[in-house]
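Source file: my_file_10.txt; contents: compact mmCIF, C-alpha atoms.
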```txt
# COMPACT_ATOMS: atom_id res chain seq x y z
CA MET A 1 47.00 127.70 -82.53
CA TYR A 2 50.17 127.62 -84.62
CA GLU A 3 51.41 130.82 -82.96
CA PHE A 4 50.71 129.34 -79.54
CA TYR A 5 52.59 126.17 -80.48
CA GLU A 6 55.52 128.35 -81.56
CA LYS A 7 55.34 130.09 -78.16
CA ASN A 8 54.38 133.41 -79.77
CA TYR A 9 51.74 133.96 -77.11
CA LEU A 10 51.00 137.61 -77.84
CA GLU A 11 50.52 136.86 -81.52
CA ALA A 12 48.35 133.86 -80.60
CA ILE A 13 46.19 136.07 -78.40
CA SER A 14 45.87 138.58 -81.22
CA CYS A 15 44.61 135.79 -83.50
CA TYR A 16 42.29 134.47 -80.80
CA LYS A 17 40.82 137.95 -80.31
CA LYS A 18 40.00 138.13 -84.04
CA ALA A 19 38.35 134.73 -83.82
CA GLU A 20 36.43 135.75 -80.68
CA ALA A 21 34.60 138.40 -82.69
CA LYS A 22 33.01 135.54 -84.67
CA LEU A 23 32.43 133.23 -81.73
CA HIS A 24 28.75 134.16 -81.49
CA LYS A 25 28.20 132.32 -84.79
CA LEU A 26 29.13 128.98 -83.22
CA THR A 27 26.26 126.88 -82.00
CA ASP A 28 28.41 124.08 -80.57
CA GLU A 29 28.97 124.71 -76.87
CA ILE A 30 32.06 122.49 -76.80
CA GLU A 31 33.72 124.46 -79.61
CA LYS A 32 33.20 127.63 -77.56
CA ALA A 33 34.59 125.90 -74.46
CA GLU A 34 37.66 124.77 -76.43
CA PHE A 35 38.20 128.34 -77.59
CA TYR A 36 37.93 129.70 -74.05
CA TYR A 37 40.31 127.02 -72.79
CA LYS A 38 42.93 127.85 -75.40
CA ILE A 39 42.80 131.59 -74.88
CA ALA A 40 42.87 131.11 -71.09
CA THR A 41 46.06 129.08 -71.49
CA ALA A 42 47.62 131.76 -73.70
CA TYR A 43 46.81 134.46 -71.15
CA TYR A 44 48.27 132.27 -68.41
CA GLN A 45 51.52 132.00 -70.39
CA ILE A 46 51.93 135.78 -70.42
CA ASP A 47 50.94 136.16 -66.75
CA ASP A 48 47.69 137.97 -67.51
CA HIS A 49 46.05 136.23 -64.60
CA PHE A 50 42.69 137.94 -64.53
CA ARG A 51 41.94 137.33 -68.20
CA SER A 52 43.11 133.75 -67.77
CA LEU A 53 40.74 133.35 -64.81
CA ASN A 54 37.86 134.82 -66.79
CA TYR A 55 38.30 132.55 -69.81
CA SER A 56 39.07 129.47 -67.68
CA GLU A 57 35.84 129.96 -65.75
CA LYS A 58 33.87 130.28 -69.01
CA ALA A 59 35.45 127.08 -70.34
CA LEU A 60 34.86 125.25 -67.06
CA SER A 61 31.19 126.23 -66.98
CA LEU A 62 30.68 124.76 -70.45
CA PHE A 63 32.86 121.65 -70.14
CA SER A 64 31.41 120.70 -66.76
CA LYS A 65 27.97 120.24 -68.35
CA HIS A 66 29.32 117.35 -70.40
CA LYS A 67 30.65 114.30 -68.55
CA GLU A 68 32.54 113.09 -71.62
CA TYR A 69 34.80 116.17 -71.33
CA ILE A 70 35.97 115.44 -67.80
CA ASP A 71 39.62 115.70 -68.89
CA LYS A 72 38.99 119.25 -70.09
CA THR A 73 37.17 120.03 -66.86
CA ILE A 74 40.22 118.82 -64.96
CA GLY A 75 42.45 120.98 -67.19
CA CYS A 76 40.33 124.05 -66.44
CA GLU A 77 40.51 123.37 -62.70
CA MET A 78 44.29 123.06 -62.98
CA ILE A 79 44.63 126.38 -64.82
CA LEU A 80 42.37 128.04 -62.28
CA GLY A 81 44.40 126.52 -59.45
CA SER A 82 47.68 127.69 -60.94
CA VAL A 83 46.40 131.20 -61.52
CA GLN A 84 45.11 131.37 -57.95
CA PHE A 85 48.55 130.25 -56.71
CA GLU A 86 50.14 133.01 -58.81
CA LEU A 87 47.82 135.48 -57.09
CA PHE A 88 48.74 133.98 -53.67
CA ARG A 89 45.15 132.90 -53.13
CA ILE A 90 46.29 129.59 -51.69
CA LYS A 91 42.93 128.43 -50.33
CA GLN A 92 41.16 128.96 -53.67
CA ALA A 93 44.05 127.32 -55.51
CA GLU A 94 43.87 124.26 -53.28
CA GLU A 95 40.11 124.04 -53.85
CA HIS A 96 40.57 123.98 -57.63
CA TYR A 97 43.35 121.43 -57.45
CA GLY A 98 41.31 119.38 -54.97
CA ARG A 99 38.42 119.19 -57.44
CA ALA A 100 40.82 118.27 -60.26
CA LEU A 101 42.37 115.57 -58.08
CA ASP A 102 38.98 114.14 -57.08
CA GLN A 103 37.97 113.91 -60.73
CA ALA A 104 41.28 112.34 -61.78
CA VAL A 105 40.98 109.77 -58.97
CA ALA A 106 37.43 108.96 -60.08
CA LEU A 107 38.79 108.38 -63.60
CA GLN A 108 41.64 106.32 -62.14
CA ASN A 109 44.01 108.28 -64.37
CA ARG A 110 47.36 107.95 -62.63
CA ARG A 111 49.17 110.13 -65.16
CA ILE A 112 46.87 113.08 -64.46
CA ILE A 113 46.99 112.44 -60.70
CA GLY A 114 50.79 112.58 -60.85
CA LEU A 115 50.68 115.71 -62.98
CA ILE A 116 48.37 117.41 -60.47
CA TYR A 117 50.73 116.61 -57.60
CA HIS A 118 53.68 117.79 -59.69
CA ASN A 119 51.97 121.11 -60.49
CA MET A 120 50.96 121.62 -56.88
CA GLY A 121 54.57 121.01 -55.84
CA LEU A 122 55.76 123.65 -58.32
CA ASN A 123 53.19 126.11 -57.07
CA TYR A 124 53.97 125.53 -53.39
CA ALA A 125 57.68 125.96 -54.16
CA LYS A 126 56.98 129.26 -55.96
CA CYS A 127 54.96 130.46 -52.98
CA GLY A 128 57.77 129.71 -50.55
CA MET A 129 56.12 126.67 -48.97
CA PRO A 130 58.93 124.08 -49.24
CA LEU A 131 57.44 121.40 -46.98
CA LEU A 132 54.20 121.30 -48.95
CA ALA A 133 56.18 121.39 -52.20
CA GLU A 134 58.27 118.41 -51.08
CA GLU A 135 55.17 116.49 -49.99
CA HIS A 136 53.51 116.96 -53.37
CA PHE A 137 56.62 116.16 -55.40
CA ARG A 138 56.96 112.93 -53.41
CA LYS A 139 53.30 112.10 -54.03
CA ALA A 140 53.84 112.67 -57.76
CA LEU A 141 56.82 110.32 -57.77
CA SER A 142 54.96 107.69 -55.75
CA ILE A 143 52.43 107.34 -58.56
CA GLY A 144 55.06 105.44 -60.54
CA VAL A 145 53.79 106.28 -63.99
CA GLN A 146 55.41 109.70 -63.62
CA GLU A 147 58.92 108.27 -63.50
CA GLN A 148 58.94 107.45 -67.21
CA SER A 149 57.75 110.86 -68.36
CA VAL A 150 59.22 114.31 -68.81
CA PHE A 151 57.20 115.39 -65.79
CA GLY A 152 58.74 112.60 -63.74
CA ILE A 153 62.24 113.74 -64.63
CA ASN A 154 61.24 117.31 -63.91
CA THR A 155 59.72 116.26 -60.58
CA LEU A 156 62.99 114.55 -59.61
CA PHE A 157 64.90 117.69 -60.58
CA GLU A 158 62.56 120.00 -58.67
CA LEU A 159 62.65 117.78 -55.59
CA SER A 160 66.46 117.57 -55.68
CA HIS A 161 66.67 121.35 -56.07
CA LEU A 162 64.35 121.73 -53.09
CA MET A 163 66.44 119.29 -51.04
CA TYR A 164 69.60 121.29 -51.76
CA LYS A 165 67.85 124.48 -50.68
CA ASN A 166 66.48 122.81 -47.53
CA GLY A 167 69.89 121.57 -46.41
CA SER A 168 69.61 117.90 -47.42
CA PRO A 169 72.49 117.65 -49.93
CA GLU A 170 72.88 113.86 -49.62
CA GLU A 171 69.31 113.20 -50.67
CA ALA A 172 69.55 115.89 -53.32
CA ARG A 173 72.60 114.17 -54.85
CA ARG A 174 70.83 110.80 -54.77
CA LEU A 175 67.84 112.31 -56.57
CA CYS A 176 70.13 113.92 -59.16
CA LYS A 177 71.75 110.56 -59.86
CA GLU A 178 68.31 109.00 -60.36
```

Please express the file's structure as structure tokens.
Amino acid sequence: MYEFYEKNYLEAISCYKKAEAKLHKLTDEIEKAEFYYKIATAYYQIDDHFRSLNYSEKALSLFSKHKEYIDKTIGCEMILGSVQFELFRIKQAEEHYGRALDQAVALQNRRIIGLIYHNMGLNYAKCGMPLLAEEHFRKALSIGVQEQSVFGINTLFELSHLMYKNGSPEEARRLCKE
């Protein structure tokens, strides 16, 4: 976990692989789910999408059995959605994000709702879908709670960048000033 925190993702994966050899000794399902979640995130960071999918699905299957881990379930859905976007499987990505959004709405967690919209905006922008990216960035900003966070500032930046690219320099400048 230290290596992951230091952004040494390959070293983190090497450590996780050593730990995985002993995973069968764990009896706590949640501990296994946490492990799968962490290694899925590490694989996502190095663009090893298929391993990330595999571990995310394992984590999701375990977390989803326990209602008290709904935040982790949402996190798994978001990783799965992002990986699917990276693979240009837009429909599957939207399904994962849709489930994450439904769960976040049920929790009434505005921060997570905003984060989901922010991430969807990033993914649509990466996939060359600027209108959908703009729509989702605007939804993220409309949540309000996003404005005071790093993600809110990043959302403003991404939206202004998108507005410059789409030929709306006046709005882009206004967003930059914000």

Which residues, written as a ChimeraX atom specification, have at least one atom at most 9 Å from Ile13 of chain A, with only C-alpha atoms counted and residues fewer than 4 positions away on the same chain left out? /A:3-4,8-9,17-18,39,42-43

Put the listed atoms of segment 114-117 of chain A in a box along x, y and z with 4 Å added on every side and give me the centre and edge lengths in Å to one decimal, as AutoDock Vina command-line options.
```
--center_x 49.6 --center_y 115.0 --center_z -60.3 --size_x 10.4 --size_y 12.8 --size_z 13.4
```

Looking at all atoms listed in the file, which of A:His24, A:Arg111, A:His49, A:Arg173 is the one that sits closest to Gln84 of chain A?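 Of all the options, A:His49 lies closest to Gln84 of chain A.
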
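Here atom CA of Glu68 of chain A stands at a distance of 29.3 Å from atom CA of Ile90 of chain A.
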
Atomic separation - atom CA of Glu95 of chain A relative to atom CA of His118 of chain A, Å: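 Taking atom CA of His118 of chain A and atom CA of Glu95 of chain A, their separation equals 16.0 Å.
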
Find the distance between atom CA of His96 of chain A and atom CA of Leu80 of chain A and write it in Å to one decimal.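 Answer for the atom CA of His96 of chain A to atom CA of Leu80 of chain A separation: 6.4 Å.
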
If we count only C-alpha atoms and set the cut-off at 12 Å, which residues sit around Asn109 of chain A, ignoring sequence neighbours fewer than 6 positions away in its own chain? Please answer as a short mmCIF file (atom, residue, chain, number, x, y, z; two decimals) with C-alpha atoms, keeping the file's coordinate frame.
```cif
data_model
loop_
_atom_site.label_atom_id
_atom_site.label_comp_id
_atom_site.auth_asym_id
_atom_site.auth_seq_id
_atom_site.Cartn_x
_atom_site.Cartn_y
_atom_site.Cartn_z
CA ILE A 70 35.97 115.44 -67.80
CA ASP A 71 39.62 115.70 -68.89
CA ILE A 74 40.22 118.82 -64.96
CA ALA A 100 40.82 118.27 -60.26
CA LEU A 101 42.37 115.57 -58.08
CA ASP A 102 38.98 114.14 -57.08
CA GLN A 103 37.97 113.91 -60.73
CA LEU A 115 50.68 115.71 -62.98
CA ILE A 116 48.37 117.41 -60.47
CA ILE A 143 52.43 107.34 -58.56
CA VAL A 145 53.79 106.28 -63.99
CA GLN A 146 55.41 109.70 -63.62
#
```

Closest to Tyr55 of chain A among A:Ala106, A:Val83, A:Ala172, A:Ile153, using all atoms listed in the file?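 Residue with the minimum atom-to-atom distance to Tyr55 of chain A: A:Val83.
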
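Neighbouring residues of segment 157-162 of chain A at 10 Å or closer, counting only C-alpha atoms and skipping chain neighbours under 4 positions away, are His118, Gly121, Leu122, Ala125, Pro130, Leu131, Ala133, Glu134, Glu135, His136, Phe137, Arg138, Leu141, Phe151, Gly152, Ile153, Asn166, Gly167, Ser168, Pro169, Glu170, Glu171, Ala172, Arg173, Arg174, Leu175, Cys176, Lys177 and Glu178 of chain A.
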
Name the residues in contact with Leu87 of chain A at a cut-off of 10 Å, using all atoms listed in the file, excluding same-chain residues fewer than 5 positions from it; report them as a list in words.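 Non-adjacent residues within range: His49, Phe50, Gly81, Ser82, Gln92, Ala93 and Cys127 of chain A.
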
Using all atoms listed in the file, determine which residues lie at most 12 Å from Ala19 of chain A, disregarding the query and same-chain residues fewer than 3 positions distant; provide the list as a PyMOL selection string. chain A and resi 1+12-16+22-26+32+35-36+38-39

Just so I have it separately, write segment 26-52 of chain A from the block I sent, keeping N, CA, C and O atoms, as a PDB file, in the first residue's frame.
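out.pdb, written as the output of this step:
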```
ATOM      1  N   LEU A  26      -7.013 -16.178   4.409  1.00  0.00           N
ATOM      2  CA  LEU A  26      -7.984 -15.254   4.987  1.00  0.00           C
ATOM      3  C   LEU A  26      -9.375 -15.872   5.001  1.00  0.00           C
ATOM      4  O   LEU A  26      -9.806 -16.466   4.014  1.00  0.00           O
ATOM      5  N   THR A  27     -10.050 -15.712   6.099  1.00  0.00           N
ATOM      6  CA  THR A  27     -11.429 -16.197   6.178  1.00  0.00           C
ATOM      7  C   THR A  27     -12.431 -15.051   6.043  1.00  0.00           C
ATOM      8  O   THR A  27     -13.589 -15.285   5.754  1.00  0.00           O
ATOM      9  N   ASP A  28     -11.955 -13.839   6.234  1.00  0.00           N
ATOM     10  CA  ASP A  28     -12.823 -12.659   6.158  1.00  0.00           C
ATOM     11  C   ASP A  28     -13.013 -12.242   4.701  1.00  0.00           C
ATOM     12  O   ASP A  28     -12.070 -11.821   4.023  1.00  0.00           O
ATOM     13  N   GLU A  29     -14.241 -12.357   4.235  1.00  0.00           N
ATOM     14  CA  GLU A  29     -14.591 -12.036   2.860  1.00  0.00           C
ATOM     15  C   GLU A  29     -14.301 -10.569   2.516  1.00  0.00           C
ATOM     16  O   GLU A  29     -13.866 -10.249   1.408  1.00  0.00           O
ATOM     17  N   ILE A  30     -14.512  -9.684   3.460  1.00  0.00           N
ATOM     18  CA  ILE A  30     -14.296  -8.256   3.230  1.00  0.00           C
ATOM     19  C   ILE A  30     -12.806  -7.959   3.065  1.00  0.00           C
ATOM     20  O   ILE A  30     -12.424  -7.126   2.237  1.00  0.00           O
ATOM     21  N   GLU A  31     -11.958  -8.629   3.821  1.00  0.00           N
ATOM     22  CA  GLU A  31     -10.515  -8.446   3.657  1.00  0.00           C
ATOM     23  C   GLU A  31     -10.085  -8.857   2.245  1.00  0.00           C
ATOM     24  O   GLU A  31      -9.261  -8.184   1.615  1.00  0.00           O
ATOM     25  N   LYS A  32     -10.642  -9.954   1.754  1.00  0.00           N
ATOM     26  CA  LYS A  32     -10.341 -10.389   0.387  1.00  0.00           C
ATOM     27  C   LYS A  32     -10.846  -9.354  -0.619  1.00  0.00           C
ATOM     28  O   LYS A  32     -10.152  -9.009  -1.584  1.00  0.00           O
ATOM     29  N   ALA A  33     -12.044  -8.842  -0.394  1.00  0.00           N
ATOM     30  CA  ALA A  33     -12.619  -7.839  -1.296  1.00  0.00           C
ATOM     31  C   ALA A  33     -11.748  -6.585  -1.317  1.00  0.00           C
ATOM     32  O   ALA A  33     -11.501  -6.013  -2.388  1.00  0.00           O
ATOM     33  N   GLU A  34     -11.284  -6.163  -0.140  1.00  0.00           N
ATOM     34  CA  GLU A  34     -10.398  -4.994  -0.060  1.00  0.00           C
ATOM     35  C   GLU A  34      -9.119  -5.225  -0.857  1.00  0.00           C
ATOM     36  O   GLU A  34      -8.650  -4.340  -1.575  1.00  0.00           O
ATOM     37  N   PHE A  35      -8.570  -6.423  -0.730  1.00  0.00           N
ATOM     38  CA  PHE A  35      -7.358  -6.765  -1.485  1.00  0.00           C
ATOM     39  C   PHE A  35      -7.628  -6.669  -2.983  1.00  0.00           C
ATOM     40  O   PHE A  35      -6.859  -6.043  -3.728  1.00  0.00           O
ATOM     41  N   TYR A  36      -8.719  -7.288  -3.431  1.00  0.00           N
ATOM     42  CA  TYR A  36      -9.043  -7.264  -4.857  1.00  0.00           C
ATOM     43  C   TYR A  36      -9.259  -5.834  -5.356  1.00  0.00           C
ATOM     44  O   TYR A  36      -8.831  -5.482  -6.459  1.00  0.00           O
ATOM     45  N   TYR A  37      -9.898  -5.023  -4.532  1.00  0.00           N
ATOM     46  CA  TYR A  37     -10.145  -3.626  -4.897  1.00  0.00           C
ATOM     47  C   TYR A  37      -8.830  -2.866  -5.077  1.00  0.00           C
ATOM     48  O   TYR A  37      -8.642  -2.128  -6.041  1.00  0.00           O
ATOM     49  N   LYS A  38      -7.918  -3.064  -4.150  1.00  0.00           N
ATOM     50  CA  LYS A  38      -6.643  -2.351  -4.214  1.00  0.00           C
ATOM     51  C   LYS A  38      -5.804  -2.786  -5.405  1.00  0.00           C
ATOM     52  O   LYS A  38      -5.213  -1.950  -6.098  1.00  0.00           O
ATOM     53  N   ILE A  39      -5.758  -4.073  -5.675  1.00  0.00           N
ATOM     54  CA  ILE A  39      -4.947  -4.527  -6.804  1.00  0.00           C
ATOM     55  C   ILE A  39      -5.619  -4.142  -8.129  1.00  0.00           C
ATOM     56  O   ILE A  39      -4.945  -3.805  -9.103  1.00  0.00           O
ATOM     57  N   ALA A  40      -6.940  -4.111  -8.155  1.00  0.00           N
ATOM     58  CA  ALA A  40      -7.656  -3.655  -9.358  1.00  0.00           C
ATOM     59  C   ALA A  40      -7.308  -2.203  -9.662  1.00  0.00           C
ATOM     60  O   ALA A  40      -7.081  -1.833 -10.819  1.00  0.00           O
ATOM     61  N   THR A  41      -7.240  -1.384  -8.618  1.00  0.00           N
ATOM     62  CA  THR A  41      -6.894   0.020  -8.784  1.00  0.00           C
ATOM     63  C   THR A  41      -5.456   0.171  -9.280  1.00  0.00           C
ATOM     64  O   THR A  41      -5.175   1.011 -10.149  1.00  0.00           O
ATOM     65  N   ALA A  42      -4.558  -0.631  -8.754  1.00  0.00           N
ATOM     66  CA  ALA A  42      -3.155  -0.571  -9.198  1.00  0.00           C
ATOM     67  C   ALA A  42      -3.051  -0.958 -10.678  1.00  0.00           C
ATOM     68  O   ALA A  42      -2.354  -0.285 -11.449  1.00  0.00           O
ATOM     69  N   TYR A  43      -3.740  -2.013 -11.061  1.00  0.00           N
ATOM     70  CA  TYR A  43      -3.712  -2.407 -12.473  1.00  0.00           C
ATOM     71  C   TYR A  43      -4.345  -1.333 -13.362  1.00  0.00           C
ATOM     72  O   TYR A  43      -3.872  -1.094 -14.471  1.00  0.00           O
ATOM     73  N   TYR A  44      -5.373  -0.675 -12.864  1.00  0.00           N
ATOM     74  CA  TYR A  44      -5.979   0.414 -13.635  1.00  0.00           C
ATOM     75  C   TYR A  44      -4.960   1.528 -13.869  1.00  0.00           C
ATOM     76  O   TYR A  44      -4.881   2.101 -14.952  1.00  0.00           O
ATOM     77  N   GLN A  45      -4.170   1.833 -12.849  1.00  0.00           N
ATOM     78  CA  GLN A  45      -3.181   2.912 -12.947  1.00  0.00           C
ATOM     79  C   GLN A  45      -2.119   2.644 -14.019  1.00  0.00           C
ATOM     80  O   GLN A  45      -1.570   3.583 -14.578  1.00  0.00           O
ATOM     81  N   ILE A  46      -1.832   1.385 -14.288  1.00  0.00           N
ATOM     82  CA  ILE A  46      -0.828   1.075 -15.311  1.00  0.00           C
ATOM     83  C   ILE A  46      -1.483   0.636 -16.628  1.00  0.00           C
ATOM     84  O   ILE A  46      -0.819   0.099 -17.502  1.00  0.00           O
ATOM     85  N   ASP A  47      -2.770   0.884 -16.753  1.00  0.00           N
ATOM     86  CA  ASP A  47      -3.520   0.578 -17.981  1.00  0.00           C
ATOM     87  C   ASP A  47      -3.542  -0.906 -18.327  1.00  0.00           C
ATOM     88  O   ASP A  47      -3.593  -1.270 -19.501  1.00  0.00           O
ATOM     89  N   ASP A  48      -3.491  -1.754 -17.316  1.00  0.00           N
ATOM     90  CA  ASP A  48      -3.666  -3.188 -17.546  1.00  0.00           C
ATOM     91  C   ASP A  48      -5.152  -3.464 -17.314  1.00  0.00           C
ATOM     92  O   ASP A  48      -5.579  -3.907 -16.246  1.00  0.00           O
ATOM     93  N   HIS A  49      -5.930  -3.147 -18.323  1.00  0.00           N
ATOM     94  CA  HIS A  49      -7.379  -3.105 -18.190  1.00  0.00           C
ATOM     95  C   HIS A  49      -8.019  -4.450 -17.885  1.00  0.00           C
ATOM     96  O   HIS A  49      -8.957  -4.521 -17.092  1.00  0.00           O
ATOM     97  N   PHE A  50      -7.530  -5.495 -18.485  1.00  0.00           N
ATOM     98  CA  PHE A  50      -8.191  -6.786 -18.284  1.00  0.00           C
ATOM     99  C   PHE A  50      -7.945  -7.342 -16.885  1.00  0.00           C
ATOM    100  O   PHE A  50      -8.851  -7.912 -16.279  1.00  0.00           O
ATOM    101  N   ARG A  51      -6.754  -7.139 -16.356  1.00  0.00           N
ATOM    102  CA  ARG A  51      -6.523  -7.558 -14.968  1.00  0.00           C
ATOM    103  C   ARG A  51      -7.333  -6.684 -14.011  1.00  0.00           C
ATOM    104  O   ARG A  51      -7.878  -7.174 -13.029  1.00  0.00           O
ATOM    105  N   SER A  52      -7.413  -5.400 -14.317  1.00  0.00           N
ATOM    106  CA  SER A  52      -8.213  -4.508 -13.482  1.00  0.00           C
ATOM    107  C   SER A  52      -9.677  -4.939 -13.493  1.00  0.00           C
ATOM    108  O   SER A  52     -10.323  -4.974 -12.436  1.00  0.00           O
TER     109      SER A  52
END
```
